[in-house]
>>> print(open('data06.txt').read())   # compact mmCIF, C-alpha atoms
# COMPACT_ATOMS: atom_id res chain seq x y z
CA MET L 1 -102.34 6.34 -63.29
CA PRO L 2 -99.25 7.59 -65.19
CA ALA L 3 -95.93 8.06 -63.41
CA TRP L 4 -93.86 11.24 -63.57
CA ARG L 5 -90.20 11.96 -62.77
CA TYR L 6 -89.62 15.33 -61.12
CA SER L 7 -86.87 17.50 -59.69
CA ALA L 8 -87.44 20.45 -57.39
CA ILE L 9 -86.03 22.50 -54.52
CA ASP L 10 -87.53 21.95 -51.06
CA ARG L 11 -88.29 24.50 -48.35
CA ALA L 12 -84.71 24.30 -47.02
CA GLY L 13 -83.25 25.04 -50.45
CA ARG L 14 -82.02 21.49 -51.09
CA PRO L 15 -82.46 19.82 -54.51
CA ILE L 16 -84.89 16.87 -54.42
CA GLY L 17 -86.24 14.49 -57.02
CA GLY L 18 -88.05 11.22 -57.56
CA ARG L 19 -91.13 9.62 -59.09
CA ILE L 20 -94.76 10.38 -58.42
CA GLU L 21 -98.08 9.17 -59.81
CA ALA L 22 -100.55 11.80 -60.95
CA ALA L 23 -103.22 12.35 -63.57
CA ASP L 24 -101.21 14.92 -65.51
CA GLU L 25 -98.25 17.29 -65.30
CA ALA L 26 -100.37 20.07 -63.82
CA ALA L 27 -101.31 17.82 -60.91
CA VAL L 28 -97.62 17.06 -60.24
CA LEU L 29 -96.74 20.76 -60.23
CA ALA L 30 -99.67 21.58 -57.97
CA GLY L 31 -98.67 18.86 -55.50
CA LEU L 32 -95.06 20.02 -55.34
CA ARG L 33 -96.08 23.63 -54.78
CA ARG L 34 -98.56 22.53 -52.12
CA ASP L 35 -95.67 20.87 -50.28
CA GLY L 36 -93.65 24.09 -50.43
CA ALA L 37 -91.24 22.90 -53.14
CA LEU L 38 -90.09 24.87 -56.18
CA PRO L 39 -90.55 22.63 -59.27
CA LEU L 40 -87.66 22.57 -61.74
CA SER L 41 -88.67 19.86 -64.22
CA VAL L 42 -91.38 17.25 -64.71
CA SER L 43 -91.26 14.51 -67.35
CA PRO L 44 -93.34 11.37 -67.95
CA VAL L 45 -91.90 7.96 -67.09
CA ARG L 46 -92.30 5.48 -69.93
CA ASN L 47 -92.14 1.79 -69.11
CA GLY L 48 -91.94 -1.35 -71.20
CA VAL L 49 -90.67 -2.00 -74.69
CA GLY L 50 -92.99 0.50 -76.30
CA GLY L 51 -91.98 3.17 -73.81
CA ALA L 52 -88.29 2.50 -74.35
CA PHE L 53 -88.79 2.68 -78.10
CA ALA L 54 -90.68 5.96 -77.72
CA ASN L 55 -87.88 7.29 -75.54
CA LEU L 56 -85.36 6.27 -78.16
CA LEU L 57 -87.23 8.29 -80.73
CA GLY L 58 -87.32 11.28 -78.43
CA GLY L 59 -91.00 10.86 -77.66
CA SER L 60 -92.03 11.68 -81.18
CA VAL L 61 -94.46 8.78 -81.50
CA GLY L 62 -97.96 10.15 -81.46
CA GLY L 63 -96.59 13.63 -80.82
CA GLY L 64 -99.16 15.46 -82.90
CA GLU L 65 -98.39 18.78 -84.51
CA ASN L 66 -94.76 19.51 -83.56
CA LEU L 67 -92.61 22.17 -85.25
CA SER L 68 -88.89 21.98 -85.86
CA ARG L 69 -86.48 24.42 -84.26
CA GLN L 70 -85.93 26.01 -87.66
CA ASP L 71 -89.69 26.60 -88.03
CA VAL L 72 -89.90 28.12 -84.56
CA THR L 73 -86.92 30.39 -85.18
CA HIS L 74 -88.40 31.57 -88.49
CA LEU L 75 -91.86 32.33 -87.10
CA THR L 76 -90.32 34.08 -84.06
CA ARG L 77 -88.36 36.40 -86.32
CA GLU L 78 -91.45 37.14 -88.45
CA LEU L 79 -93.62 37.77 -85.39
CA THR L 80 -90.94 40.15 -84.08
CA THR L 81 -90.99 42.08 -87.34
CA MET L 82 -94.79 42.41 -87.34
CA LEU L 83 -94.98 43.58 -83.72
CA ALA L 84 -92.10 46.02 -84.20
CA ALA L 85 -94.00 47.47 -87.18
CA GLY L 86 -96.88 48.39 -84.89
CA GLN L 87 -99.24 45.49 -85.61
CA ASP L 88 -101.29 44.08 -82.74
CA LEU L 89 -100.75 40.45 -81.72
CA ASP L 90 -103.93 39.10 -83.35
CA ARG L 91 -103.15 40.68 -86.72
CA ALA L 92 -99.52 39.51 -86.51
CA LEU L 93 -100.60 35.95 -85.81
CA ARG L 94 -103.13 36.07 -88.65
CA PHE L 95 -100.35 37.17 -91.01
CA LEU L 96 -98.19 34.26 -89.87
CA VAL L 97 -101.04 31.81 -90.45
CA GLU L 98 -101.70 33.17 -93.94
CA THR L 99 -98.01 33.08 -94.92
CA ALA L 100 -97.13 29.77 -93.23
CA PRO L 101 -94.76 27.62 -95.35
CA ASN L 102 -96.89 24.47 -94.89
CA ARG L 103 -100.17 23.23 -93.42
CA ARG L 104 -98.56 21.86 -90.26
CA VAL L 105 -97.16 25.27 -89.29
CA ALA L 106 -100.46 26.92 -90.23
CA ARG L 107 -102.44 24.54 -87.98
CA VAL L 108 -100.20 25.16 -84.98
CA LEU L 109 -100.26 28.92 -85.45
CA GLY L 110 -104.00 28.86 -86.08
CA GLY L 111 -104.56 27.04 -82.79
CA ILE L 112 -102.40 29.55 -80.93
CA ARG L 113 -104.27 32.46 -82.51
CA ASP L 114 -107.65 30.97 -81.59
CA GLU L 115 -106.59 30.60 -77.94
CA VAL L 116 -105.24 34.16 -77.83
CA ARG L 117 -108.50 35.48 -79.35
CA ASP L 118 -110.39 33.59 -76.62
CA GLY L 119 -108.52 35.55 -73.96
CA SER L 120 -105.51 33.35 -73.28
CA ALA L 121 -102.08 34.89 -72.84
CA LEU L 122 -99.60 34.11 -75.61
CA ALA L 123 -97.24 32.41 -73.14
CA ALA L 124 -100.06 30.18 -71.88
CA ALA L 125 -101.00 29.18 -75.44
CA LEU L 126 -97.37 28.36 -76.23
CA GLY L 127 -96.99 26.46 -72.96
CA ARG L 128 -99.71 24.02 -74.03
CA ARG L 129 -97.35 22.85 -76.79
CA PRO L 130 -94.25 21.83 -74.81
CA ARG L 131 -92.78 19.70 -77.60
CA THR L 132 -92.61 22.72 -79.88
CA PHE L 133 -91.95 25.59 -77.46
CA SER L 134 -89.41 24.97 -74.70
CA ARG L 135 -89.66 26.23 -71.14
CA LEU L 136 -87.05 28.82 -72.05
CA TYR L 137 -89.19 30.09 -74.92
CA VAL L 138 -92.38 30.20 -72.85
CA GLY L 139 -90.60 31.81 -69.90
CA LEU L 140 -89.16 34.61 -72.00
CA VAL L 141 -92.50 35.29 -73.71
CA LYS L 142 -94.22 35.38 -70.33
CA ALA L 143 -91.67 37.89 -69.04
CA GLY L 144 -92.08 39.99 -72.18
CA GLU L 145 -95.86 40.08 -71.82
CA ALA L 146 -95.62 41.00 -68.14
CA GLY L 147 -93.16 43.81 -68.87
CA GLY L 148 -94.96 45.14 -71.94
CA SER L 149 -91.94 44.50 -74.17
CA LEU L 150 -93.04 41.47 -76.16
CA ALA L 151 -91.50 42.65 -79.45
CA GLN L 152 -88.08 43.28 -77.90
CA THR L 153 -88.25 39.99 -76.01
CA LEU L 154 -89.10 38.03 -79.15
CA GLU L 155 -86.22 39.71 -80.98
CA ARG L 156 -83.80 38.63 -78.25
CA LEU L 157 -85.33 35.17 -78.29
CA ALA L 158 -84.84 34.88 -82.06
CA ASP L 159 -81.21 35.99 -81.65
CA LEU L 160 -80.74 33.39 -78.91
CA MET L 161 -82.18 30.58 -81.02
CA GLU L 162 -80.07 31.55 -84.01
CA ARG L 163 -76.92 31.60 -81.86
CA GLU L 164 -77.77 28.17 -80.44
CA ARG L 165 -78.32 26.79 -83.94
CA SER L 166 -75.10 28.39 -85.14
CA LEU L 167 -73.19 26.82 -82.25
CA ALA L 168 -74.63 23.37 -82.95
CA GLU L 169 -74.04 23.67 -86.69
CA THR L 170 -70.43 24.75 -86.09
CA VAL L 171 -69.68 21.52 -84.25
CA GLN L 172 -71.73 19.26 -86.53
CA SER L 173 -70.42 20.73 -89.79
CA ALA L 174 -66.82 20.55 -88.64
CA LEU L 175 -67.12 16.84 -87.81
CA ILE L 176 -68.72 15.81 -91.12
CA TYR L 177 -65.45 15.55 -93.06
CA PRO L 178 -63.59 13.48 -90.40
CA ALA L 179 -66.63 11.18 -90.16
CA LEU L 180 -66.76 10.65 -93.92
CA LEU L 181 -63.00 10.10 -94.01
CA THR L 182 -63.30 7.47 -91.27
CA LEU L 183 -66.06 5.66 -93.16
CA ALA L 184 -63.97 5.73 -96.35
CA ALA L 185 -61.00 4.28 -94.47
CA ILE L 186 -63.09 1.48 -92.98
CA GLY L 187 -64.62 0.73 -96.38
CA ALA L 188 -61.23 0.62 -98.11
CA VAL L 189 -59.74 -1.75 -95.53
CA THR L 190 -62.84 -3.97 -95.63
CA LEU L 191 -62.67 -4.12 -99.43
CA LEU L 192 -59.00 -5.12 -99.34
CA LEU L 193 -59.59 -7.82 -96.73
CA THR L 194 -62.73 -9.35 -98.24
CA GLN L 195 -62.29 -8.86 -102.01
CA VAL L 196 -58.63 -8.32 -102.93
CA LEU L 197 -56.80 -10.54 -100.47
CA PRO L 198 -58.91 -13.70 -101.10
CA GLN L 199 -57.82 -13.59 -104.76
CA PHE L 200 -54.27 -14.49 -103.69
CA VAL L 201 -55.17 -17.23 -101.17
CA PRO L 202 -55.55 -20.05 -103.79
CA LEU L 203 -52.18 -19.13 -105.25
CA PHE L 204 -50.52 -19.38 -101.85
CA GLU L 205 -52.22 -22.71 -101.07
CA GLN L 206 -51.27 -24.30 -104.42
CA ASN L 207 -47.58 -23.51 -103.99
CA GLY L 208 -47.45 -24.54 -100.34
CA ALA L 209 -45.34 -21.53 -99.41
CA ALA L 210 -44.68 -20.66 -95.78
CA LEU L 211 -46.49 -17.34 -95.45
CA PRO L 212 -45.25 -14.55 -93.19
CA ALA L 213 -47.12 -14.15 -89.90
CA SER L 214 -48.55 -10.79 -91.00
CA THR L 215 -50.03 -12.34 -94.16
CA GLN L 216 -51.54 -15.22 -92.18
CA PHE L 217 -53.09 -12.70 -89.79
CA LEU L 218 -54.60 -10.70 -92.65
CA ILE L 219 -56.03 -13.83 -94.29
CA ALA L 220 -57.64 -14.84 -90.97
CA ALA L 221 -58.95 -11.29 -90.46
CA GLY L 222 -60.46 -11.20 -93.95
CA ASP L 223 -62.12 -14.58 -93.41
CA ALA L 224 -63.57 -13.39 -90.08
CA VAL L 225 -64.92 -10.19 -91.66
CA SER L 226 -66.53 -12.17 -94.49
CA ARG L 227 -68.12 -14.70 -92.14
CA TYR L 228 -69.16 -12.53 -89.21
CA GLY L 229 -69.21 -8.96 -90.55
CA LEU L 230 -72.99 -8.65 -90.86
CA VAL L 231 -73.54 -10.39 -87.54
CA THR L 232 -71.10 -7.99 -85.89
CA LEU L 233 -72.87 -4.97 -87.39
CA ALA L 234 -76.23 -6.27 -86.16
CA ALA L 235 -74.77 -6.84 -82.69
CA LEU L 236 -73.32 -3.32 -82.62
CA ALA L 237 -76.67 -1.87 -83.69
CA ALA L 238 -78.45 -3.79 -80.93
CA LEU L 239 -75.82 -2.67 -78.43
CA PHE L 240 -76.35 0.93 -79.53
CA VAL L 241 -80.11 0.66 -79.00
CA LEU L 242 -79.62 -0.88 -75.56
CA ALA L 243 -77.10 1.79 -74.63
CA ARG L 244 -79.52 4.54 -75.65
CA ALA L 245 -82.24 2.93 -73.54
CA ALA L 246 -79.85 2.57 -70.58
CA LEU L 247 -78.89 6.24 -70.81
CA ARG L 248 -82.52 7.11 -70.08
CA GLU L 249 -81.92 5.97 -66.52
CA PRO L 250 -80.75 8.92 -64.37
CA GLY L 251 -77.94 7.05 -62.62
CA VAL L 252 -76.45 5.66 -65.83
CA ARG L 253 -76.78 9.00 -67.62
CA LEU L 254 -75.11 10.85 -64.74
CA ALA L 255 -72.12 8.47 -64.74
CA PHE L 256 -71.81 8.66 -68.53
CA ASP L 257 -71.99 12.46 -68.62
CA ARG L 258 -69.38 12.77 -65.88
CA LEU L 259 -67.08 10.43 -67.80
CA LYS L 260 -67.65 12.40 -71.01
CA LEU L 261 -66.44 15.59 -69.34
CA ARG L 262 -63.18 13.90 -68.29
CA ILE L 263 -62.17 12.67 -71.75
CA PRO L 264 -59.12 14.60 -73.01
CA VAL L 265 -59.84 17.19 -75.73
CA ILE L 266 -63.50 16.10 -76.15
CA GLY L 267 -64.23 16.74 -72.49
CA GLY L 268 -62.81 20.26 -72.72
CA LEU L 269 -64.95 20.99 -75.76
CA ALA L 270 -68.04 19.64 -73.98
CA ARG L 271 -67.34 21.91 -71.00
CA GLU L 272 -67.06 24.95 -73.26
CA ILE L 273 -70.36 24.09 -75.01
CA MET L 274 -72.10 23.61 -71.66
CA ALA L 275 -70.71 26.91 -70.35
CA ALA L 276 -71.84 28.76 -73.49
CA ARG L 277 -75.37 27.36 -73.18
CA LEU L 278 -75.61 28.18 -69.49
CA ALA L 279 -74.30 31.73 -69.89
CA ARG L 280 -76.35 32.57 -73.00
CA THR L 281 -79.62 31.24 -71.54
CA LEU L 282 -79.10 32.75 -68.09
CA GLY L 283 -78.11 36.12 -69.49
CA SER L 284 -81.08 36.23 -71.85
CA LEU L 285 -83.52 35.38 -69.07
CA LEU L 286 -82.08 37.92 -66.63
CA GLN L 287 -82.06 40.61 -69.32
CA ASN L 288 -85.78 39.96 -69.78
CA ARG L 289 -86.43 40.49 -66.05
CA VAL L 290 -86.85 36.83 -65.12
CA SER L 291 -85.70 36.42 -61.51
CA LEU L 292 -82.63 34.29 -60.82
CA ILE L 293 -84.18 31.17 -59.26
CA PRO L 294 -86.82 30.57 -61.98
CA ALA L 295 -84.16 31.38 -64.59
CA LEU L 296 -81.89 28.66 -63.20
CA GLY L 297 -84.81 26.25 -63.33
CA ILE L 298 -85.00 26.88 -67.08
CA VAL L 299 -81.21 26.89 -67.58
CA ARG L 300 -80.91 23.31 -66.34
CA ASP L 301 -83.12 22.11 -69.20
CA VAL L 302 -80.79 23.38 -71.94
CA LEU L 303 -77.42 22.08 -70.68
CA GLY L 304 -77.68 18.61 -72.21
CA ASN L 305 -75.48 17.08 -69.50
CA GLU L 306 -76.82 15.46 -66.32
CA ALA L 307 -73.68 16.27 -64.33
CA GLY L 308 -74.09 19.93 -65.27
CA VAL L 309 -77.76 19.77 -64.29
CA ARG L 310 -76.82 18.49 -60.82
CA ALA L 311 -74.30 21.32 -60.47
CA VAL L 312 -76.93 23.90 -61.45
CA ASP L 313 -79.37 22.38 -58.94
CA LEU L 314 -76.79 22.82 -56.16
CA ALA L 315 -76.09 26.35 -57.38
CA THR L 316 -79.83 27.07 -57.32
CA SER L 317 -79.96 25.87 -53.72
CA SER L 318 -76.96 28.07 -52.88
CA ALA L 319 -78.47 31.12 -54.58
CA SER L 320 -81.86 30.65 -52.91
CA GLY L 321 -80.05 30.57 -49.55
CA GLY L 322 -78.25 33.82 -50.29
CA ALA L 323 -74.79 32.29 -50.79
CA GLY L 324 -74.50 33.28 -54.43
CA LEU L 325 -74.36 31.42 -57.73
CA SER L 326 -70.75 31.55 -58.93
CA GLY L 327 -69.24 29.92 -55.84
CA ALA L 328 -71.37 26.79 -56.15
CA LEU L 329 -70.70 26.51 -59.89
CA GLY L 330 -66.97 26.87 -59.27
CA ALA L 331 -67.03 24.25 -56.50
CA SER L 332 -68.51 21.69 -58.89
CA GLY L 333 -65.35 21.76 -61.01
CA LEU L 334 -67.40 21.23 -64.18
CA PHE L 335 -67.38 24.75 -65.62
CA PRO L 336 -64.42 26.72 -67.02
CA PRO L 337 -62.82 29.15 -64.52
CA ARG L 338 -63.45 32.06 -66.92
CA LEU L 339 -67.22 31.55 -66.67
CA VAL L 340 -67.10 31.36 -62.86
CA HIS L 341 -64.97 34.51 -62.67
CA LEU L 342 -67.26 36.54 -64.95
CA LEU L 343 -70.39 35.40 -63.10
CA ARG L 344 -68.78 36.33 -59.79
CA LEU L 345 -67.92 39.74 -61.20
CA GLY L 346 -71.52 40.12 -62.36
CA GLU L 347 -72.83 39.27 -58.89
CA GLU L 348 -70.48 41.74 -57.23
CA THR L 349 -71.44 44.58 -59.59
CA ALA L 350 -75.16 43.71 -59.85
CA GLN L 351 -74.66 43.11 -63.58
CA LEU L 352 -75.13 39.35 -63.68
CA GLY L 353 -77.19 39.36 -66.89
CA PRO L 354 -74.78 41.43 -69.02
CA MET L 355 -71.74 39.58 -67.67
CA ALA L 356 -73.38 36.24 -68.42
CA LEU L 357 -73.96 37.33 -72.03
CA ARG L 358 -70.36 38.49 -72.28
CA ALA L 359 -69.21 35.12 -70.96
CA ALA L 360 -71.45 33.39 -73.51
CA ALA L 361 -69.79 35.26 -76.38
CA ILE L 362 -66.34 34.29 -75.10
CA HIS L 363 -67.19 30.62 -74.72
CA GLU L 364 -68.97 30.43 -78.07
CA GLU L 365 -65.83 31.76 -79.74
CA SER L 366 -63.78 29.26 -77.75
CA VAL L 367 -66.01 26.43 -79.02
CA ARG L 368 -65.47 27.59 -82.60
CA ILE L 369 -61.70 27.73 -82.22
CA SER L 370 -61.50 24.42 -80.34
CA THR L 371 -63.61 22.71 -83.00
CA GLN L 372 -61.38 24.00 -85.77
CA ARG L 373 -58.29 22.76 -83.94
CA LEU L 374 -59.88 19.36 -83.31
CA VAL L 375 -60.72 18.95 -86.99
CA ALA L 376 -57.23 20.13 -87.95
CA LEU L 377 -55.82 17.31 -85.80
CA LEU L 378 -58.34 14.62 -86.73
CA THR L 379 -58.10 14.93 -90.49
CA PRO L 380 -54.33 14.23 -90.87
CA ALA L 381 -54.45 11.67 -88.06
CA ILE L 382 -57.17 9.65 -89.83
CA THR L 383 -55.36 10.02 -93.17
CA ILE L 384 -52.06 8.81 -91.71
CA ALA L 385 -53.75 5.90 -89.92
CA MET L 386 -55.59 4.89 -93.10
CA GLY L 387 -52.38 5.04 -95.13
CA ALA L 388 -50.50 3.02 -92.53
CA VAL L 389 -53.13 0.25 -92.47
CA ILE L 390 -53.33 0.01 -96.27
CA ALA L 391 -49.54 0.10 -96.53
CA GLY L 392 -49.38 -2.75 -94.00
CA ILE L 393 -51.80 -4.85 -96.04
CA VAL L 394 -49.91 -4.22 -99.29
CA SER L 395 -46.57 -4.94 -97.60
CA SER L 396 -47.85 -8.27 -96.27
CA LEU L 397 -48.99 -9.26 -99.77
CA LEU L 398 -45.60 -8.30 -101.23
CA LEU L 399 -43.80 -10.35 -98.59
CA ALA L 400 -45.95 -13.34 -99.44
CA MET L 401 -45.26 -12.90 -103.16
CA LEU L 402 -41.53 -12.68 -102.48
CA SER L 403 -41.70 -15.93 -100.53
CA LEU L 404 -43.34 -17.56 -103.59
CA ASN L 405 -40.55 -16.19 -105.79
CA ASP L 406 -37.91 -17.65 -103.44
CA LEU L 407 -39.68 -21.01 -103.51
CA ALA L 408 -39.74 -21.02 -107.33
CA GLN L 409 -36.02 -20.31 -107.50
>>> encode(input="data06.txt", output="structure tokens")
Amino acid sequence: MPAWRYSAIDRAGRPIGGRIEAADEAAVLAGLRRDGALPLSVSPVRNGVGGAFANLLGGSVGGGENLSRQDVTHLTRELTTMLAAGQDLDRALRFLVETAPNRRVARVLGGIRDEVRDGSALAAALGRRPRTFSRLYVGLVKAGEAGGSLAQTLERLADLMERERSLAETVQSALIYPALLTLAAIGAVTLLLTQVLPQFVPLFEQNGAALPASTQFLIAAGDAVSRYGLVTLAALAALFVLARAALREPGVRLAFDRLKLRIPVIGGLAREIMAARLARTLGSLLQNRVSLIPALGIVRDVLGNEAGVRAVDLATSSASGGAGLSGALGASGLFPPRLVHLLRLGEETAQLGPMALRAAAIHEESVRISTQRLVALLTPAITIAMGAVIAGIVSSLLLAMLSLNDLAQ
């Protein structure tokens, strides 16, 4: 029987978690609810080499018909447009199937339409495809169907997904140039050590000159790179794979994520990103009439940081006990004070959803500015370091050539 890893909140409001064996995810959820617990997340436990490899690939092996986030965002926006134009859900889904950009999207949408035509709710049909539609997506659609505002909900959902993609692309795009510059610097130094410097070694050996210590070091470094460079790269690749597999373990991931939040500059940026995700998701859910405790259960899945997830679990326990949300988040010390202050203000004024969205806008702008500053610092720093290393190599060669000139005189 397959094993499942779960997290939930017990009757006393305390976060719990562990492993359980059950036939499927539905059986796990049913068992937790039968015990009086509020399920937060359930995920399969993969064992062995094949399971580790599948985990490394994000569980994409044998995943069936999965859509990318860009596909989901696009079809959400189109479905919003059709419903806002007065079309019923069946006709809107048929239009999406007929205008799908490829067969894979058409098959997924066709399956959803067939289930809806058979009497299933749209949220239930989406929920049967968890690798394409997240809990956040399904939860918002369910709330929209229950409140009779599916078109407005889908419009907010499309806006949310586009903001999330914009936030991720801001960080990724800004780091492309420093990454390419770093690779160019490593390539240039490797070329000098393995191709240029060895051309001078026979000349030095033939003349028997006493080489400067820096030149001797560079010759030894170039020889080491030539002999063991490929082996070192293979070892680093293997270490990377093992590290990714190790990070699948909750204890290791928790320690790593806590350490990541303490790193100067990078840790501050990670906190801002986590705060923006929490605030944007929470605000969107509350604005769509999802109650606070289920909303927090969905929020924890989008943070991308295990330390932040633990903090949200404690905040969920605090909120379910009537002690409020902002105090527990502030006590964790993981979230920016601005977020905690705005959430506290939202709780005091019964405007938690709008204040969370306002906090999200502030932190998203802070991420953009912080990323620009980080790139502005990284680019000249890498350039200066690259110039210093190359200048050191050239200087060592010149010193060696001068020693040959002194010997000839």
>>> residues_around(input="data06.txt", residues="Leu352 (chain L)", least_positions_apart="6", cutoff="10 Å", atoms="all atoms listed in the file", output="PyMOL selection string")
chain L and resi 279+282-283+286-287+292+325+342-346+358
>>> closest_residue(input="data06.txt", among="L:Asp313, L:Asp301, L:Asp71, L:Asp114", to="Ser332 (chain L)", atoms="only C-alpha atoms")
L:Asp313
>>> closest_residue(input="data06.txt", among="L:Gly86, L:Pro380, L:Ala8, L:Asp118", to="Arg310 (chain L)", atoms="only C-alpha atoms")
L:Ala8
>>> closest_residue(input="data06.txt", among="L:Ile176, L:Val389, L:Ala143, L:Ala255", to="Pro294 (chain L)", atoms="only C-alpha atoms")
L:Ala143
>>> closest_residue(input="data06.txt", among="L:Gly268, L:Pro101, L:Gly144, L:Gly321", to="Ala123 (chain L)", atoms="only C-alpha atoms")
L:Gly144
>>> atom_distance(input="data06.txt", atom1="CA of Asp90 (chain L)", atom2="CA of Lys142 (chain L)")
16.7 Å
>>> closest_residue(input="data06.txt", among="L:Ala158, L:Ala315, L:Glu249, L:Ala307", to="Arg77 (chain L)", atoms="all atoms listed in the file")
L:Ala158
>>> closest_residue(input="data06.txt", among="L:Leu218, L:Ile362, L:Leu303, L:Val309", to="Val201 (chain L)", atoms="all atoms listed in the file")
L:Leu218
>>> atom_distance(input="data06.txt", atom1="CA of Arg156 (chain L)", atom2="CA of Val108 (chain L)")
22.3 Å
>>> atom_distance(input="data06.txt", atom1="CA of Gly333 (chain L)", atom2="CA of Gln372 (chain L)")
25.2 Å
>>> residues_near_point(input="data06.txt", point="(-61.4, 32.5, -66.2)", cutoff="12 Å", atoms="all atoms listed in the file", output="PyMOL selection string")
chain L and resi 272+275+326+330+335-345+359+362-363
>>> residues_near_point(input="data06.txt", point="(-79.6, 28.2, -57.8)", cutoff="8 Å", atoms="only C-alpha atoms", output="PyMOL selection string")
chain L and resi 292-293+296-297+312-320+324-325
